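**Student:** After the structure tokens below, expect a handful of questions from me.
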Amino acid sequence: MSSDSLRPLAGQTALVTGATSGIGLVTARELARRGAAVVLVGRDAEKAGRAQEAIRQAAGPEAEVHVKCFDLSLLRNVRTLAEQMQQEFSQLDILVNNAGIMPGRFTLTDEGHELSWATNHLAPYALTNLLLPLLEAAERARVVTVSSVAHWVGEIEPEQEVRNSPEKYSWLTAYADSKLANILFTKELAHRLDLTNITANCLHPGMVDTALMRPDTSAVMKALWWLARPLMVTPEKGAETTLFLAAAPEAARLNGQYFAGRRVARCSDRACSPTEASRLWKISAEETGIE
């Protein structure tokens, strides 16, 4: 999908998490090329600086590209990011929840959350809710969350103690559960924001050749990843659906949908359940302290 098919974004502000590489970097670059003021969020300051420079080279020296360095697996950092955004910007037109990890060994954050659950689900849930005032201030705002086809084998465990148990942990279920949560979050968010100026959609980007895995990912997972690499698509191809939902004119009224290949896609029965979505929202509110 060429950036030429996207709507002009001059005067608009976009925030992209996980924007220092892969589909996040491509997404941020193409939004900047269309004139948006783009806020890049990443964990590594050096990588963020390189991404900022690459986007300016692609979009032109006058491109407005801001950098925010935060580890979004920690809710205190999510809150600080949201506070800074509200201090520095009057509106937010596009929020792309792109940051995500493929979990390695079982890890708890120092706030007591399993790492992949904290990064892939709690962070976008918290950030989106904290940024609602800025989204509401835009004429029409879009929230786009990157999920995965892996959600088909996901199941949300309601008890945090079980999710935080090393004995129950599996890298596959941890990742799949968080990607299911992305869809359920999107559907409940869209329901709660119905008849407002904000739409929310999510997507499967395809099997993209990106730095998704952590350094401590198991040898088996790394071997499977390398075997699958010939079938993977480029970050440019992987970003197409994200960009479609964020900036294509024909996506303006889409809401509460799961996409793949720029088209509405079938998701699992669990992912389509309003009961599951409502239950997850309550769990997320309790674990983040954010309603």
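Within each chain, counting starts at residue 1; across the structure tokens, chains are named A, B, ... in the order shown, with ligands numbered 1 upward in that order.
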Please run DSSP on the backbone and report, as an NGL selection string, all residues within stretch 123-219 of chain A that come out as helix (DSSP H, G or I).

**Tutor:** :A and (123-130 or 132-137 or 149-153 or 160-163 or 166-168 or 171-192 or 219)

**Student:** From stretch 49-117 of chain A, collect each residue whose DSSP state is strand (DSSP E or B) and return the set as a PDB file with C-alpha atoms, in the first residue's frame.

**Tutor:**
ATOM      1  CA  VAL A  65       9.195  13.862  14.745  1.00  0.00           C
ATOM      2  CA  HIS A  66       9.280  13.576  18.528  1.00  0.00           C
ATOM      3  CA  VAL A  67      10.929  10.840  20.589  1.00  0.00           C
ATOM      4  CA  LYS A  68       9.756   9.346  23.883  1.00  0.00           C
ATOM      5  CA  CYS A  69      11.892   6.651  25.503  1.00  0.00           C
ATOM      6  CA  ILE A  94      -3.957   8.593  15.665  1.00  0.00           C
ATOM      7  CA  LEU A  95      -2.803   6.155  18.350  1.00  0.00           C
ATOM      8  CA  VAL A  96      -1.041   3.032  17.126  1.00  0.00           C
ATOM      9  CA  ASN A  97      -0.509   0.411  19.835  1.00  0.00           C
ATOM     10  CA  MET A 102       7.503 -12.603  21.867  1.00  0.00           C
ATOM     11  CA  LEU A 108       7.717 -10.788  36.214  1.00  0.00           C
ATOM     12  CA  GLU A 114       4.023 -11.324  33.654  1.00  0.00           C
TER      13      GLU A 114
END

**Student:** Can you list, as an mmCIF file with N, CA, C and O atoms, in the first residue's frame, every protein, DNA or RNA residue that comes within 10 Å of A:Glu287 when you count only C-alpha atoms, leaving out same-chain residues fewer than 4 positions away?

**Tutor:**
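Output saved as around-v5.cif:
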data_model
loop_
_atom_site.group_PDB
_atom_site.id
_atom_site.type_symbol
_atom_site.label_atom_id
_atom_site.label_comp_id
_atom_site.auth_asym_id
_atom_site.auth_seq_id
_atom_site.Cartn_x
_atom_site.Cartn_y
_atom_site.Cartn_z
ATOM 1 N N LEU A 75 3.775 0.069 34.165
ATOM 2 C CA LEU A 75 2.635 0.981 34.140
ATOM 3 C C LEU A 75 3.015 2.390 34.580
ATOM 4 O O LEU A 75 2.425 3.368 34.118
ATOM 5 N N GLY A 112 4.950 -6.638 39.281
ATOM 6 C CA GLY A 112 4.227 -7.866 39.560
ATOM 7 C C GLY A 112 3.376 -8.421 38.447
ATOM 8 O O GLY A 112 2.450 -9.202 38.697
ATOM 9 N N HIS A 113 3.692 -8.078 37.189
ATOM 10 C CA HIS A 113 2.930 -8.590 36.055
ATOM 11 C C HIS A 113 3.830 -9.435 35.162
ATOM 12 O O HIS A 113 5.004 -9.099 34.943
ATOM 13 N N ALA A 118 2.045 -7.744 30.431
ATOM 14 C CA ALA A 118 2.230 -6.326 30.742
ATOM 15 C C ALA A 118 2.524 -5.513 29.488
ATOM 16 O O ALA A 118 1.953 -4.434 29.285
ATOM 17 N N LEU A 122 -1.560 -4.947 28.903
ATOM 18 C CA LEU A 122 -1.826 -3.915 29.905
ATOM 19 C C LEU A 122 -1.356 -2.542 29.433
ATOM 20 O O LEU A 122 -2.019 -1.521 29.697
ATOM 21 N N ALA A 126 -3.857 0.588 29.190
ATOM 22 C CA ALA A 126 -3.640 1.755 30.054
ATOM 23 C C ALA A 126 -3.376 3.011 29.235
ATOM 24 O O ALA A 126 -3.948 4.073 29.503
ATOM 25 N N GLN A 160 -4.864 -13.559 38.167
ATOM 26 C CA GLN A 160 -3.508 -13.077 37.964
ATOM 27 C C GLN A 160 -2.481 -14.025 38.569
ATOM 28 O O GLN A 160 -1.383 -14.196 38.029
ATOM 29 N N TRP A 281 -12.084 -6.410 30.390
ATOM 30 C CA TRP A 281 -11.994 -4.991 30.754
ATOM 31 C C TRP A 281 -11.942 -4.834 32.271
ATOM 32 O O TRP A 281 -11.152 -4.045 32.792
ATOM 33 N N LYS A 282 -12.763 -5.603 32.965
ATOM 34 C CA LYS A 282 -12.769 -5.542 34.432
ATOM 35 C C LYS A 282 -11.436 -6.015 35.001
ATOM 36 O O LYS A 282 -10.893 -5.407 35.936
ATOM 37 N N ILE A 283 -10.897 -7.095 34.449
ATOM 38 C CA ILE A 283 -9.598 -7.601 34.886
ATOM 39 C C ILE A 283 -8.523 -6.545 34.677
ATOM 40 O O ILE A 283 -7.693 -6.267 35.557
#

**Student:** How many Å lie between atom CA of A:Thr27 and atom CA of A:Ala14, rounded to one decimal?

**Tutor:**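 If I compute the distance from atom CA of A:Thr27 to atom CA of A:Ala14, I get 10.1 Å.
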
**Student:** Looking at A:Arg56, A:Glu188, A:Thr173, A:Asp93, which one is nearest to A:Thr275, with distances taken over only C-alpha atoms?

**Tutor:**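 Of the candidates, the smallest distance to A:Thr275 is held by A:Glu188.
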
**Student:** Pick out the closest residue to A:Thr241 from this set: A:Glu159, A:Leu203, A:Gly104, A:Ser165. Count only C-alpha atoms.

**Tutor:**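 Looking at the shortest contact to A:Thr241, the residue is A:Leu203.
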
**Student:** Given only C-alpha atoms as the basis, pick out the residue of A:Leu6, A:Ser21, A:Phe185, A:Met85 nearest to A:Val39.

**Tutor:** A:Met85

**Student:** Counting only C-alpha atoms, what is within 12 Å of A:Arg263, bar same-chain residues fewer than 5 positions away, as an mmCIF file with N, CA and C atoms, in the first residue's frame?

**Tutor:**
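The resulting out.cif:
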data_model
loop_
_atom_site.group_PDB
_atom_site.id
_atom_site.type_symbol
_atom_site.label_atom_id
_atom_site.label_comp_id
_atom_site.auth_asym_id
_atom_site.auth_seq_id
_atom_site.Cartn_x
_atom_site.Cartn_y
_atom_site.Cartn_z
ATOM 1 N N ASN A 201 -9.860 -0.191 16.056
ATOM 2 C CA ASN A 201 -9.765 -1.423 15.279
ATOM 3 C C ASN A 201 -8.442 -2.105 15.568
ATOM 4 N N CYS A 202 -8.347 -3.379 15.223
ATOM 5 C CA CYS A 202 -7.123 -4.133 15.452
ATOM 6 C C CYS A 202 -6.820 -4.979 14.221
ATOM 7 N N LEU A 203 -5.658 -5.603 14.222
ATOM 8 C CA LEU A 203 -5.241 -6.280 12.998
ATOM 9 C C LEU A 203 -4.202 -7.357 13.251
ATOM 10 N N HIS A 204 -4.132 -8.264 12.294
ATOM 11 C CA HIS A 204 -3.029 -9.217 12.168
ATOM 12 C C HIS A 204 -2.157 -8.719 11.026
ATOM 13 N N PRO A 205 -0.880 -8.407 11.270
ATOM 14 C CA PRO A 205 -0.042 -7.818 10.220
ATOM 15 C C PRO A 205 0.543 -8.827 9.250
ATOM 16 N N GLU A 240 1.111 -2.444 6.108
ATOM 17 C CA GLU A 240 0.048 -1.965 5.220
ATOM 18 C C GLU A 240 -1.308 -1.873 5.910
ATOM 19 N N THR A 241 -1.678 -2.896 6.668
ATOM 20 C CA THR A 241 -2.996 -2.880 7.291
ATOM 21 C C THR A 241 -3.057 -1.854 8.416
ATOM 22 N N THR A 242 -1.976 -1.713 9.161
ATOM 23 C CA THR A 242 -1.916 -0.675 10.186
ATOM 24 C C THR A 242 -2.135 0.699 9.565
ATOM 25 N N PHE A 244 -3.522 1.404 6.691
ATOM 26 C CA PHE A 244 -4.886 1.481 6.165
ATOM 27 C C PHE A 244 -5.851 1.924 7.258
ATOM 28 N N LEU A 245 -5.771 1.288 8.409
ATOM 29 C CA LEU A 245 -6.690 1.623 9.507
ATOM 30 C C LEU A 245 -6.381 2.990 10.101
ATOM 31 N N GLU A 250 -11.103 5.460 3.431
ATOM 32 C CA GLU A 250 -12.197 4.488 3.493
ATOM 33 C C GLU A 250 -12.302 3.768 4.831
ATOM 34 N N ALA A 251 -11.317 3.983 5.721
ATOM 35 C CA ALA A 251 -11.360 3.351 7.040
ATOM 36 C C ALA A 251 -11.931 4.273 8.106
ATOM 37 N N LEU A 254 -14.877 2.710 10.121
ATOM 38 C CA LEU A 254 -14.733 1.341 10.606
ATOM 39 C C LEU A 254 -14.532 1.355 12.116
ATOM 40 N N GLN A 257 -13.439 -3.710 14.601
ATOM 41 C CA GLN A 257 -13.202 -4.821 13.685
ATOM 42 C C GLN A 257 -11.776 -5.363 13.805
ATOM 43 N N TYR A 258 -11.630 -6.613 13.388
ATOM 44 C CA TYR A 258 -10.326 -7.280 13.314
ATOM 45 C C TYR A 258 -9.994 -7.451 11.834
#

**Student:** Could you please determine the separation between atom CA of A:Val144 and atom CA of A:Leu193 in Å, to one decimal place?

**Tutor:**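 Value for the atom CA of A:Val144-atom CA of A:Leu193 distance: 13.8 Å.
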
**Student:** My list of candidates is A:Pro249, A:Pro103, A:Gly206, A:Pro158. Which is closest to A:Ala277 when distances are computed with only C-alpha atoms?

**Tutor:**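 Checking each of A:Pro249, A:Pro103, A:Gly206, A:Pro158 against A:Ala277, counting only C-alpha atoms, the winner is A:Pro158.
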
**Student:** Pick from A:Ala176, A:Ala63, A:Trp152, A:Phe89: nearest to A:Leu131, with only C-alpha atoms counted?

**Tutor:**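 So, comparing all the options, the nearest one is A:Phe89.
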
**Student:** Excluding A:Gly49 and its own-chain neighbours fewer than 2 positions away, which residues fall within 10 Å of it when counting only C-alpha atoms? Please give them as an MDAnalysis selection string.

**Tutor:** chainID A and resid 20 40 42 44:47 51:55 66:69

**Student:** Could those residues be written to a file, using all heavy atoms, as a CSV table (one decimal), in the first residue's frame?

**Tutor:**
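Listed below is the output, out00.csv:
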chain,number,residue,atom,x,y,z
A,20,THR,N,10.8,2.1,16.8
A,20,THR,CA,12.2,2.2,16.5
A,20,THR,C,12.6,1.2,15.5
A,20,THR,O,13.8,1.3,15.0
A,20,THR,CB,13.0,2.1,17.7
A,20,THR,OG1,12.8,0.8,18.4
A,20,THR,CG2,12.7,3.2,18.7
A,40,LEU,N,7.4,9.1,18.4
A,40,LEU,CA,7.9,7.7,18.4
A,40,LEU,C,8.2,7.3,19.8
A,40,LEU,O,8.8,8.0,20.6
A,40,LEU,CB,9.3,7.7,17.7
A,40,LEU,CG,9.5,8.4,16.3
A,40,LEU,CD1,10.9,8.2,15.9
A,40,LEU,CD2,8.5,7.8,15.3
A,42,GLY,N,9.9,4.3,22.1
A,42,GLY,CA,10.7,3.1,22.1
A,42,GLY,C,11.5,3.0,23.4
A,42,GLY,O,11.5,4.0,24.2
A,44,ASP,N,14.9,2.1,23.7
A,44,ASP,CA,16.3,2.4,23.5
A,44,ASP,C,16.5,3.7,22.9
A,44,ASP,O,16.1,4.0,21.8
A,44,ASP,CB,16.9,1.3,22.6
A,44,ASP,CG,18.4,1.4,22.5
A,44,ASP,OD1,18.9,2.3,21.8
A,44,ASP,OD2,19.1,0.6,23.2
A,45,ALA,N,17.2,4.6,23.6
A,45,ALA,CA,17.3,6.0,23.2
A,45,ALA,C,18.2,6.1,21.9
A,45,ALA,O,17.9,6.9,21.0
A,45,ALA,CB,18.0,6.8,24.3
A,46,GLU,N,19.2,5.2,21.8
A,46,GLU,CA,20.0,5.3,20.6
A,46,GLU,C,19.2,4.8,19.4
A,46,GLU,O,19.3,5.5,18.3
A,46,GLU,CB,21.3,4.3,20.8
A,46,GLU,CG,22.2,4.4,19.6
A,46,GLU,CD,23.5,3.6,19.9
A,46,GLU,OE1,23.7,3.2,21.1
A,46,GLU,OE2,24.2,3.3,18.9
A,47,LYS,N,18.5,3.7,19.5
A,47,LYS,CA,17.7,3.3,18.4
A,47,LYS,C,16.6,4.3,18.0
A,47,LYS,O,16.3,4.5,16.8
A,47,LYS,CB,17.0,1.9,18.7
A,47,LYS,CG,18.0,0.8,18.7
A,47,LYS,CD,17.2,-0.5,19.1
A,47,LYS,CE,16.2,-0.9,18.0
A,47,LYS,NZ,15.6,-2.2,18.3
A,51,ALA,N,16.0,6.1,14.5
A,51,ALA,CA,14.7,6.1,13.8
A,51,ALA,C,14.2,7.5,13.5
A,51,ALA,O,13.6,7.7,12.4
A,51,ALA,CB,13.7,5.4,14.7
A,52,GLN,N,14.4,8.4,14.4
A,52,GLN,CA,14.0,9.8,14.2
A,52,GLN,C,14.7,10.4,13.0
A,52,GLN,O,14.1,11.0,12.1
A,52,GLN,CB,14.3,10.6,15.4
A,52,GLN,CG,13.9,12.1,15.4
A,52,GLN,CD,14.3,12.8,16.6
A,52,GLN,OE1,15.4,12.6,17.1
A,52,GLN,NE2,13.4,13.7,17.1
A,53,GLU,N,16.0,10.1,12.9
A,53,GLU,CA,16.7,10.6,11.7
A,53,GLU,C,16.3,10.0,10.4
A,53,GLU,O,16.2,10.7,9.4
A,53,GLU,CB,18.2,10.4,12.0
A,53,GLU,CG,19.1,10.9,10.9
A,53,GLU,CD,19.0,12.4,10.6
A,53,GLU,OE1,18.6,13.2,11.6
A,53,GLU,OE2,19.2,12.9,9.5
A,54,ALA,N,16.1,8.7,10.5
A,54,ALA,CA,15.6,8.0,9.2
A,54,ALA,C,14.3,8.5,8.7
A,54,ALA,O,14.1,8.7,7.5
A,54,ALA,CB,15.5,6.5,9.5
A,55,ILE,N,13.4,8.8,9.7
A,55,ILE,CA,12.1,9.3,9.3
A,55,ILE,C,12.2,10.7,8.7
A,55,ILE,O,11.6,11.1,7.7
A,55,ILE,CB,11.1,9.3,10.5
A,55,ILE,CG1,10.8,7.9,10.9
A,55,ILE,CG2,9.9,10.1,10.2
A,55,ILE,CD1,10.0,7.7,12.1
A,66,HIS,N,8.9,13.5,17.1
A,66,HIS,CA,9.3,13.6,18.5
A,66,HIS,C,9.7,12.2,19.0
A,66,HIS,O,9.2,11.2,18.5
A,66,HIS,CB,8.1,14.1,19.4
A,66,HIS,CG,7.6,15.4,18.9
A,66,HIS,ND1,8.0,16.6,19.4
A,66,HIS,CD2,6.6,15.7,17.9
A,66,HIS,CE1,7.3,17.6,18.8
A,66,HIS,NE2,6.5,17.1,17.9
A,67,VAL,N,10.5,12.1,20.0
A,67,VAL,CA,10.9,10.8,20.6
A,67,VAL,C,10.6,10.8,22.1
A,67,VAL,O,10.8,11.7,22.8
A,67,VAL,CB,12.4,10.7,20.4
A,67,VAL,CG1,12.9,9.5,21.2
A,67,VAL,CG2,12.8,10.5,18.9
A,68,LYS,N,10.0,9.6,22.5
A,68,LYS,CA,9.8,9.3,23.9
A,68,LYS,C,10.3,8.0,24.2
A,68,LYS,O,10.0,7.0,23.5
A,68,LYS,CB,8.2,9.3,24.2
A,68,LYS,CG,7.5,10.6,23.9
A,68,LYS,CD,7.9,11.7,24.9
A,68,LYS,CE,7.1,13.0,24.7
A,68,LYS,NZ,7.5,14.1,25.6
A,69,CYS,N,11.2,7.9,25.2
A,69,CYS,CA,11.9,6.7,25.5
A,69,CYS,C,11.3,6.1,26.8
A,69,CYS,O,11.6,6.6,27.9
A,69,CYS,CB,13.4,6.8,25.6
A,69,CYS,SG,14.2,7.2,24.0

**Student:** Using atom CA of A:Gln12 and atom CA of A:Thr186 as the two end points, give the distance in Å to one decimal.

**Tutor:** 22.3 Å

**Student:** Between A:Gln57, A:Thr119, A:Thr145, A:Thr13, which residue has the minimum interatomic distance to A:Arg43, considering only C-alpha atoms?

**Tutor:**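 Ranked by minimum distance to A:Arg43, first place goes to A:Thr119.
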